[in-house]
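One file, input.pdb, carrying PDB, C-alpha atoms:
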```pdb
ATOM      1  CA  VAL A  10      30.814  -1.156  18.597
ATOM      2  CA  GLN A  11      28.006  -3.510  17.620
ATOM      3  CA  LYS A  12      26.922  -3.885  21.251
ATOM      4  CA  ARG A  13      26.605  -0.149  21.846
ATOM      5  CA  ASN A  14      23.450   1.782  21.153
ATOM      6  CA  CYS A  15      23.565   4.762  18.802
ATOM      7  CA  ASP A  16      23.567   7.474  21.467
ATOM      8  CA  HIS A  17      26.387   5.850  23.404
ATOM      9  CA  TYR A  18      28.426   5.442  20.254
ATOM     10  CA  VAL A  19      27.991   9.065  19.188
ATOM     11  CA  LYS A  20      28.674  10.558  22.628
ATOM     12  CA  ASN A  21      31.896   8.633  23.095
ATOM     13  CA  GLU A  22      33.593   9.613  19.855
ATOM     14  CA  LYS A  23      36.911  11.381  20.378
ATOM     15  CA  PRO A  24      36.683  15.200  20.049
ATOM     16  CA  GLU A  25      39.588  15.349  17.624
ATOM     17  CA  ASN A  26      37.839  12.888  15.303
ATOM     18  CA  PHE A  27      34.685  14.993  15.419
ATOM     19  CA  ALA A  28      36.576  18.171  14.576
ATOM     20  CA  SER A  29      38.380  16.451  11.735
ATOM     21  CA  ALA A  30      35.129  15.095  10.263
ATOM     22  CA  LYS A  31      33.479  18.508  10.611
ATOM     23  CA  ARG A  32      36.340  20.162   8.740
ATOM     24  CA  ARG A  33      36.310  17.552   5.948
ATOM     25  CA  GLU A  34      32.564  17.885   5.483
ATOM     26  CA  LYS A  35      32.809  21.680   5.217
ATOM     27  CA  GLU A  36      35.595  21.297   2.638
ATOM     28  CA  ARG A  37      33.479  18.835   0.647
ATOM     29  CA  LEU A  38      30.450  21.148   0.613
ATOM     30  CA  GLN A  39      32.611  24.072  -0.509
ATOM     31  CA  LEU A  40      34.050  22.003  -3.349
ATOM     32  CA  LEU A  41      30.540  21.032  -4.394
ATOM     33  CA  LYS A  42      29.487  24.693  -4.495
ATOM     34  CA  VAL A  43      32.430  25.576  -6.727
ATOM     35  CA  ALA A  44      31.905  22.572  -8.977
ATOM     36  CA  ILE A  45      28.189  23.238  -9.451
ATOM     37  CA  LYS A  46      28.836  26.878 -10.398
ATOM     38  CA  LYS A  47      31.409  25.780 -12.977
ATOM     39  CA  GLY A  48      29.290  22.891 -14.228
ATOM     40  CA  ARG A  49      31.819  20.189 -13.497
ATOM     41  CA  LYS A  50      32.587  17.492 -10.955
ATOM     42  CA  PRO A  51      34.829  18.267  -7.992
ATOM     43  CA  LYS A  52      38.091  16.363  -8.345
ATOM     44  CA  LYS A  53      39.161  16.446  -4.726
ATOM     45  CA  ALA A  54      35.923  16.023  -2.780
ATOM     46  CA  LYS A  55      36.710  14.093   0.388
ATOM     47  CA  LEU A  56      34.382  11.569   1.946
ATOM     48  CA  CYS A  57      33.262  11.693   5.549
ATOM     49  CA  GLU A  58      35.102   8.718   7.044
ATOM     50  CA  THR A  59      33.600   8.571  10.522
ATOM     51  CA  ASN A  60      30.450   7.003  11.936
ATOM     52  CA  HIS A  61      29.424   9.843  14.213
ATOM     53  CA  ASP A  62      27.415  12.998  13.843
ATOM     54  CA  VAL A  63      28.837  15.650  11.498
ATOM     55  CA  ASP A  64      27.700  19.024  12.805
ATOM     56  CA  VAL A  65      28.116  21.160   9.685
ATOM     57  CA  GLU A  66      26.491  24.519   9.040
ATOM     58  CA  ASN A  67      22.680  24.278   8.853
ATOM     59  CA  MET A  68      22.628  20.765  10.338
ATOM     60  CA  ASN A  69      21.085  21.986  13.579
ATOM     61  CA  SER A  70      18.786  24.647  12.124
ATOM     62  CA  ASN A  71      17.794  22.530   9.098
ATOM     63  CA  PRO A  72      18.348  18.899  10.093
ATOM     64  CA  THR A  73      16.347  17.520   7.161
ATOM     65  CA  LEU A  74      18.062  19.656   4.491
ATOM     66  CA  LEU A  75      19.933  17.402   2.073
ATOM     67  CA  ASN A  76      21.676  19.944  -0.176
ATOM     68  CA  PRO A  77      22.957  22.918   1.865
ATOM     69  CA  HIS A  78      25.483  23.616  -0.919
ATOM     70  CA  GLU A  79      22.678  24.869  -3.203
ATOM     71  CA  ASP A  80      20.658  28.085  -3.121
ATOM     72  CA  GLU A  81      17.433  28.135  -1.119
ATOM     73  CA  PRO A  82      14.966  27.797  -4.043
ATOM     74  CA  ASN A  83      16.600  24.445  -4.814
ATOM     75  CA  HIS A  84      16.680  23.130  -1.246
ATOM     76  CA  ILE A  85      15.603  19.510  -0.972
ATOM     77  CA  HIS A  86      14.345  18.249   2.380
ATOM     78  CA  LEU A  87      13.844  14.772   3.729
ATOM     79  CA  HIS A  88      10.263  13.554   3.423
ATOM     80  CA  ASP A  89       7.953  14.406   6.338
ATOM     81  CA  ASN A  90       7.488  10.691   7.139
ATOM     82  CA  PHE A  91      10.976  10.628   8.625
ATOM     83  CA  LYS A  92      11.131  13.943  10.475
ATOM     84  CA  GLY A  93      11.742  13.406  14.177
ATOM     85  CA  ASN A  94      12.421   9.685  13.696
ATOM     86  CA  LEU A  95      16.099   9.763  12.795
ATOM     87  CA  LYS A  96      19.158  10.224  14.959
ATOM     88  CA  SER A  97      21.731  12.855  14.105
ATOM     89  CA  HIS A  98      24.227  10.371  12.642
ATOM     90  CA  GLN A  99      21.472   8.985  10.399
ATOM     91  CA  LEU A 100      20.594  12.454   9.121
ATOM     92  CA  ALA A 101      24.284  13.036   8.400
ATOM     93  CA  GLY A 102      24.449   9.688   6.580
ATOM     94  CA  ILE A 103      21.485  10.536   4.344
ATOM     95  CA  ARG A 104      22.973  13.928   3.527
ATOM     96  CA  PHE A 105      26.268  12.181   2.772
ATOM     97  CA  MET A 106      24.543   9.794   0.324
ATOM     98  CA  PHE A 107      22.686  12.628  -1.370
ATOM     99  CA  GLY A 108      25.876  14.659  -1.801
ATOM    100  CA  HIS A 109      27.715  11.796  -3.497
ATOM    101  CA  ILE A 110      24.946  10.070  -5.454
ATOM    102  CA  VAL A 111      22.619  12.896  -6.527
ATOM    103  CA  VAL A 112      24.946  15.874  -5.851
ATOM    104  CA  SER A 113      22.511  18.657  -6.777
ATOM    105  CA  ARG A 114      19.429  19.671  -8.714
ATOM    106  CA  LYS A 115      21.669  21.030 -11.472
ATOM    107  CA  TYR A 116      23.384  17.663 -11.810
ATOM    108  CA  ILE A 117      19.975  16.050 -12.335
ATOM    109  CA  GLU A 118      18.899  18.652 -14.905
ATOM    110  CA  ASP A 119      22.188  18.282 -16.799
ATOM    111  CA  SER A 120      21.900  14.459 -16.700
ATOM    112  CA  GLN A 121      25.262  14.223 -14.940
ATOM    113  CA  PRO A 122      25.942  11.049 -12.947
ATOM    114  CA  GLY A 123      26.919  11.208  -9.306
ATOM    115  CA  PHE A 124      30.025   9.669  -7.776
ATOM    116  CA  GLY A 125      28.650   6.801  -5.686
ATOM    117  CA  CYS A 126      29.593   6.142  -2.080
ATOM    118  CA  VAL A 127      29.931   3.553   0.666
ATOM    119  CA  LEU A 128      27.905   4.022   3.846
ATOM    120  CA  ALA A 129      30.129   2.197   6.329
ATOM    121  CA  HIS A 130      28.370   2.620   9.664
ATOM    122  CA  SER A 131      28.731  -0.340  12.019
ATOM    123  CA  MET A 132      25.934  -2.882  12.512
ATOM    124  CA  GLY A 133      22.966  -1.643  14.490
ATOM    125  CA  LEU A 134      23.315   2.044  13.605
ATOM    126  CA  GLY A 135      20.365   2.136  11.206
ATOM    127  CA  LYS A 136      21.845   1.964   7.707
ATOM    128  CA  SER A 137      18.714   0.293   6.306
ATOM    129  CA  LEU A 138      16.472   3.085   7.554
ATOM    130  CA  GLN A 139      18.847   5.655   6.085
ATOM    131  CA  VAL A 140      18.559   3.979   2.681
ATOM    132  CA  VAL A 141      14.768   3.737   3.007
ATOM    133  CA  ALA A 142      14.501   7.448   3.853
ATOM    134  CA  PHE A 143      16.917   8.420   1.091
ATOM    135  CA  THR A 144      15.205   6.403  -1.656
ATOM    136  CA  HIS A 145      11.723   7.450  -0.514
ATOM    137  CA  THR A 146      12.742  11.118  -0.761
ATOM    138  CA  LEU A 147      14.313  10.609  -4.199
ATOM    139  CA  ILE A 148      11.042   9.302  -5.583
ATOM    140  CA  THR A 149       8.576  11.632  -3.838
ATOM    141  CA  ASN A 150      10.334  15.023  -3.655
ATOM    142  CA  ASP A 151       8.707  17.651  -5.911
ATOM    143  CA  ILE A 152      11.951  19.534  -6.641
ATOM    144  CA  ILE A 153      13.627  16.327  -7.796
ATOM    145  CA  LYS A 154      10.589  15.483  -9.929
ATOM    146  CA  ALA A 155      10.738  18.933 -11.562
ATOM    147  CA  ALA A 156      14.450  18.485 -12.304
ATOM    148  CA  LEU A 157      13.805  15.073 -13.850
ATOM    149  CA  ASN A 158      11.267  16.594 -16.249
ATOM    150  CA  VAL A 159      14.121  18.322 -18.125
ATOM    151  CA  SER A 160      16.652  15.523 -17.674
ATOM    152  CA  GLN A 161      17.509  12.226 -19.303
ATOM    153  CA  THR A 162      18.332  10.804 -15.893
ATOM    154  CA  ARG A 163      15.958   8.357 -14.223
ATOM    155  CA  LEU A 164      15.889   8.297 -10.440
ATOM    156  CA  ASP A 165      12.512   6.613 -10.169
ATOM    157  CA  ARG A 166      13.829   3.048 -10.569
ATOM    158  CA  ILE A 167      15.775   1.861  -7.545
ATOM    159  CA  LEU A 168      17.125  -1.660  -7.113
ATOM    160  CA  ILE A 169      18.112  -2.956  -3.668
ATOM    161  CA  VAL A 170      20.160  -6.167  -3.865
ATOM    162  CA  THR A 171      20.595  -7.874  -0.511
ATOM    163  CA  PRO A 172      21.407 -11.294   0.975
ATOM    164  CA  ALA A 173      18.340 -13.540   1.056
ATOM    165  CA  ILE A 174      18.489 -13.777   4.849
ATOM    166  CA  THR A 175      17.863 -10.015   5.174
ATOM    167  CA  LEU A 176      14.960  -9.752   2.696
ATOM    168  CA  SER A 177      12.340  -9.865   5.453
ATOM    169  CA  ASN A 178      14.156  -7.126   7.384
ATOM    170  CA  TRP A 179      14.143  -4.834   4.355
ATOM    171  CA  SER A 180      10.500  -5.635   3.678
ATOM    172  CA  ASN A 181       9.569  -4.765   7.275
ATOM    173  CA  GLU A 182      11.395  -1.435   7.065
ATOM    174  CA  PHE A 183       9.548  -0.461   3.886
ATOM    175  CA  LYS A 184       6.201  -1.607   5.306
ATOM    176  CA  LYS A 185       6.770   0.584   8.343
ATOM    177  CA  TRP A 186       8.063   3.735   6.654
ATOM    178  CA  CYS A 187       6.883   3.665   3.037
ATOM    179  CA  PRO A 188       3.168   3.170   2.463
ATOM    180  CA  ARG A 189       2.617   1.821  -1.037
ATOM    181  CA  SER A 190       0.294   4.750  -1.623
ATOM    182  CA  ASP A 191       3.414   6.978  -1.520
ATOM    183  CA  VAL A 192       6.017   4.748  -3.147
ATOM    184  CA  LYS A 193       5.533   1.614  -5.190
ATOM    185  CA  TRP A 194       7.930  -1.001  -3.882
ATOM    186  CA  TYR A 195       8.159  -4.681  -4.702
ATOM    187  CA  LEU A 196       9.707  -7.669  -2.951
ATOM    188  CA  ILE A 197      11.063 -10.513  -5.071
ATOM    189  CA  SER A 198      11.760 -13.643  -3.019
ATOM    190  CA  ALA A 199      11.957 -17.386  -3.522
ATOM    191  CA  ALA A 200       8.166 -17.515  -3.172
ATOM    192  CA  GLU A 201       7.661 -15.951  -6.612
ATOM    193  CA  SER A 202       7.839 -18.057  -9.743
ATOM    194  CA  GLN A 203       9.991 -17.032 -12.698
ATOM    195  CA  PRO A 204       7.010 -15.581 -14.621
ATOM    196  CA  GLU A 205       5.923 -13.657 -11.516
ATOM    197  CA  ARG A 206       9.409 -12.230 -11.056
ATOM    198  CA  LEU A 207       9.563 -11.211 -14.699
ATOM    199  CA  ALA A 208       6.167  -9.494 -14.444
ATOM    200  CA  ILE A 209       7.297  -7.509 -11.385
ATOM    201  CA  LEU A 210      10.520  -6.389 -13.085
ATOM    202  CA  GLN A 211       8.682  -5.354 -16.242
ATOM    203  CA  LYS A 212       6.202  -3.312 -14.210
ATOM    204  CA  TRP A 213       9.050  -1.733 -12.224
ATOM    205  CA  ASN A 214      10.975  -0.909 -15.389
ATOM    206  CA  LYS A 215       7.952   0.766 -16.963
ATOM    207  CA  LYS A 216       6.379   2.575 -14.007
ATOM    208  CA  GLY A 217       9.319   2.968 -11.608
ATOM    209  CA  GLY A 218       9.506   2.285  -7.885
ATOM    210  CA  ILE A 219      11.765   0.200  -5.690
ATOM    211  CA  VAL A 220      12.578  -3.491  -6.104
ATOM    212  CA  ILE A 221      14.096  -5.492  -3.249
ATOM    213  CA  ILE A 222      15.729  -8.686  -4.459
ATOM    214  CA  SER A 223      18.305 -11.176  -3.195
ATOM    215  CA  TYR A 224      21.322 -12.643  -4.952
TER
END
```

Would you kindly transcribe this structure into structure tokens?
Amino acid sequence: VQKRNCDHYVKNEKPENFASAKRREKERLQLLKVAIKKGRKPKKAKLCETNHDVDVENMNSNPTLLNPHEDEPNHIHLHDNFKGNLKSHQLAGIRFMFGHIVVSRKYIEDSQPGFGCVLAHSMGLGKSLQVVAFTHTLITNDIIKAALNVSQTRLDRILIVTPAITLSNWSNEFKKWCPRSDVKWYLISAAESQPERLAILQKWNKKGGIVIISY
């Protein structure tokens, strides 16, 4: 799998797996709709377990829509920086993360936590870019900002903890896709002294943004 490119991997998925993933994703979205209306968490929401494209309703007509389970006034779209630069499985992955971490605008307004998730695509399928696009949208989207104004939830402080060997890769992805004029992001590496690291974390804690740090 690691030696295949994304298009080859997606095209060669078995049809029955695709149909199964499509059905599970539709079931999950329906459960989210019901849960949001009732103001509670869905107890039986199923995760999408495959690495390929999930062609659910609105995916083709609105590929950058992250919350199709909500009414149109609350629709949240991927930031324009990423439109046309992501493959279909990456768009599905970002929507998957949004549905399990953020869930909906109402969840933000009610200060309800999400569920968390594991994005388990194989190496080389662009997980880092998916996370970059997802976090960038969380911080810059106007609908999310409006929801946060009436919420006790904070989505403007994001911490990315990664092996030291991949720090430069993460830094390059953010340099390419996230101008610091849009999103404040900080890299903490072995080059910074303890006082410098502390100063960065204090600034991040107060003003928000994204911190990339190793363990």

I'd like the neighbourhood of range 166-180 of chain A as a ChimeraX atom specification, where a residue qualifies if any of its atoms comes within 7 Å (using all atoms listed in the file), though same-chain residues fewer than 3 positions away should be ignored. /A:163,183-184,196,213-214,217-224

Dump of C-alpha atoms for the selected residues, as a short mmCIF file (atom, residue, chain, number, x, y, z; two decimals), in the coordinates of the input:
```
data_model
loop_
_atom_site.label_atom_id
_atom_site.label_comp_id
_atom_site.auth_asym_id
_atom_site.auth_seq_id
_atom_site.Cartn_x
_atom_site.Cartn_y
_atom_site.Cartn_z
CA ARG A 163 15.96 8.36 -14.22
CA PHE A 183 9.55 -0.46 3.89
CA LYS A 184 6.20 -1.61 5.31
CA LEU A 196 9.71 -7.67 -2.95
CA TRP A 213 9.05 -1.73 -12.22
CA ASN A 214 10.98 -0.91 -15.39
CA GLY A 217 9.32 2.97 -11.61
CA GLY A 218 9.51 2.28 -7.88
CA ILE A 219 11.76 0.20 -5.69
CA VAL A 220 12.58 -3.49 -6.10
CA ILE A 221 14.10 -5.49 -3.25
CA ILE A 222 15.73 -8.69 -4.46
CA SER A 223 18.30 -11.18 -3.20
CA TYR A 224 21.32 -12.64 -4.95
#
```

Atom-to-atom span, CA of Asn94 in chain A and CA of Pro77 in chain A, Å: 20.6 Å

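Between CA of Lys136 in chain A and CA of Ile153 in chain A the separation is 22.7 Å.
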
Using the chain letters and numbers from the file, which residues does the PyMOL selection byres ((chain A and resi 156-158) around 12) grab, as JSON, numbers by chain? {"A": [83, 85, 111, 113, 114, 115, 116, 117, 118, 119, 120, 121, 147, 148, 149, 150, 151, 152, 153, 154, 155, 159, 160, 161, 162, 163, 164, 165]}

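Ranking A:His130, A:Lys193, A:His78, A:Arg104 by their shortest atom-to-atom distance to Lys216 in chain A, with only C-alpha atoms included, puts A:Lys193 first.
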
Listed atoms of range 139-147 of chain A, axis-aligned box, 3 Å per side: centre and edge lengths to one decimal in Å, as AutoDock Vina command-line options?
```
--center_x 15.3 --center_y 7.4 --center_z 0.9 --size_x 13.1 --size_y 13.4 --size_z 16.3
```

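Separating CA of Thr73 in chain A from CA of Lys96 in chain A is a distance of 11.0 Å.
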
Can you spell out as a PyMOL selection string the set of residues that the PyMOL selection byres ((chain A and resi 102) around 9) selects in the structure I just provided? chain A and resi 60+62-63+97-101+103-107+128+130+136+139

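For the structure shown here, the set of residues caught by the PyMOL selection byres ((chain A and resi 124-127) around 8) is Met106, His109, Ile110, Pro122, Gly123, Leu128 and Ala129 of chain A.
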
Name the residues in contact with Arg206 in chain A at a cut-off of 12 Å, using only C-alpha atoms, excluding same-chain residues fewer than 2 positions from it; report them as an MDAnalysis selection string. chainID A and resid 195:204 208:213 220:223

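Distance annotation: of A:Leu138, A:Leu207, A:Glu36, A:Arg189, the residue with the minimal separation from Phe91 in chain A is A:Leu138; atom set is all atoms listed in the file.
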
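In terms of minimum interatomic distance to His145 in chain A, A:Val192 ranks closest within A:Val192, A:Met132, A:Leu41, A:Leu75, counting only C-alpha atoms.
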
Can range 208-219 of chain A be brought up to all heavy atoms and written out as a CSV table (one decimal), keeping the file's coordinate frame?
```csv
chain,number,residue,atom,x,y,z
A,208,ALA,N,7.3,-10.5,-14.4
A,208,ALA,CA,6.2,-9.5,-14.4
A,208,ALA,C,6.4,-8.3,-13.5
A,208,ALA,O,6.2,-7.2,-13.9
A,208,ALA,CB,4.9,-10.2,-14.1
A,209,ILE,N,7.0,-8.6,-12.3
A,209,ILE,CA,7.3,-7.5,-11.4
A,209,ILE,C,8.4,-6.6,-12.0
A,209,ILE,O,8.3,-5.4,-11.9
A,209,ILE,CB,7.8,-8.1,-10.0
A,209,ILE,CG1,6.6,-8.8,-9.3
A,209,ILE,CG2,8.4,-7.0,-9.1
A,209,ILE,CD1,7.0,-9.5,-8.1
A,210,LEU,N,9.4,-7.2,-12.5
A,210,LEU,CA,10.5,-6.4,-13.1
A,210,LEU,C,10.1,-5.6,-14.3
A,210,LEU,O,10.5,-4.4,-14.5
A,210,LEU,CB,11.7,-7.3,-13.5
A,210,LEU,CG,12.4,-7.9,-12.3
A,210,LEU,CD1,13.4,-9.0,-12.8
A,210,LEU,CD2,13.1,-6.9,-11.5
A,211,GLN,N,9.2,-6.1,-15.1
A,211,GLN,CA,8.7,-5.4,-16.2
A,211,GLN,C,7.8,-4.2,-15.8
A,211,GLN,O,7.9,-3.1,-16.3
A,211,GLN,CB,7.9,-6.3,-17.2
A,211,GLN,CG,8.7,-7.3,-17.9
A,211,GLN,CD,7.9,-8.3,-18.7
A,211,GLN,OE1,6.7,-8.6,-18.4
A,211,GLN,NE2,8.5,-8.8,-19.8
A,212,LYS,N,7.0,-4.4,-14.8
A,212,LYS,CA,6.2,-3.3,-14.2
A,212,LYS,C,7.1,-2.2,-13.6
A,212,LYS,O,6.9,-1.0,-13.8
A,212,LYS,CB,5.2,-3.9,-13.2
A,212,LYS,CG,4.3,-2.9,-12.6
A,212,LYS,CD,3.3,-3.6,-11.7
A,212,LYS,CE,2.3,-2.6,-11.1
A,212,LYS,NZ,1.3,-3.2,-10.2
A,213,TRP,N,8.1,-2.7,-12.9
A,213,TRP,CA,9.0,-1.7,-12.2
A,213,TRP,C,9.8,-0.9,-13.3
A,213,TRP,O,10.0,0.3,-13.1
A,213,TRP,CB,10.0,-2.5,-11.3
A,213,TRP,CG,11.2,-1.8,-10.9
A,213,TRP,CD1,11.3,-0.8,-9.9
A,213,TRP,CD2,12.6,-2.0,-11.3
A,213,TRP,NE1,12.6,-0.4,-9.7
A,213,TRP,CE2,13.4,-1.1,-10.6
A,213,TRP,CE3,13.2,-2.8,-12.3
A,213,TRP,CZ2,14.8,-1.0,-10.8
A,213,TRP,CZ3,14.5,-2.7,-12.4
A,213,TRP,CH2,15.3,-1.8,-11.7
A,214,ASN,N,10.2,-1.6,-14.3
A,214,ASN,CA,11.0,-0.9,-15.4
A,214,ASN,C,10.1,0.1,-16.1
A,214,ASN,O,10.6,1.2,-16.5
A,214,ASN,CB,11.5,-1.9,-16.4
A,214,ASN,CG,12.3,-1.3,-17.5
A,214,ASN,OD1,13.4,-0.7,-17.2
A,214,ASN,ND2,11.9,-1.4,-18.7
A,215,LYS,N,8.8,-0.1,-16.2
A,215,LYS,CA,8.0,0.8,-17.0
A,215,LYS,C,7.5,1.9,-16.1
A,215,LYS,O,7.4,3.1,-16.5
A,215,LYS,CB,6.8,0.0,-17.5
A,215,LYS,CG,5.8,0.8,-18.3
A,215,LYS,CD,4.7,0.0,-18.9
A,215,LYS,CE,3.7,0.8,-19.7
A,215,LYS,NZ,2.6,0.0,-20.3
A,216,LYS,N,7.0,1.6,-14.9
A,216,LYS,CA,6.4,2.6,-14.0
A,216,LYS,C,7.3,3.1,-12.9
A,216,LYS,O,6.9,4.1,-12.2
A,216,LYS,CB,5.1,2.0,-13.4
A,216,LYS,CG,4.1,1.6,-14.4
A,216,LYS,CD,2.8,1.1,-13.8
A,216,LYS,CE,1.7,0.8,-14.8
A,216,LYS,NZ,0.4,0.4,-14.2
A,217,GLY,N,8.4,2.5,-12.7
A,217,GLY,CA,9.3,3.0,-11.6
A,217,GLY,C,9.0,2.4,-10.3
A,217,GLY,O,8.0,1.6,-10.1
A,218,GLY,N,9.7,2.8,-9.2
A,218,GLY,CA,9.5,2.3,-7.9
A,218,GLY,C,10.8,1.7,-7.3
A,218,GLY,O,11.9,1.9,-7.8
A,219,ILE,N,10.6,0.8,-6.4
A,219,ILE,CA,11.8,0.2,-5.7
A,219,ILE,C,11.6,-1.3,-5.7
A,219,ILE,O,10.5,-1.8,-5.3
A,219,ILE,CB,11.9,0.7,-4.2
A,219,ILE,CG1,12.1,2.2,-4.2
A,219,ILE,CG2,13.1,0.0,-3.5
A,219,ILE,CD1,12.0,2.8,-2.8
```
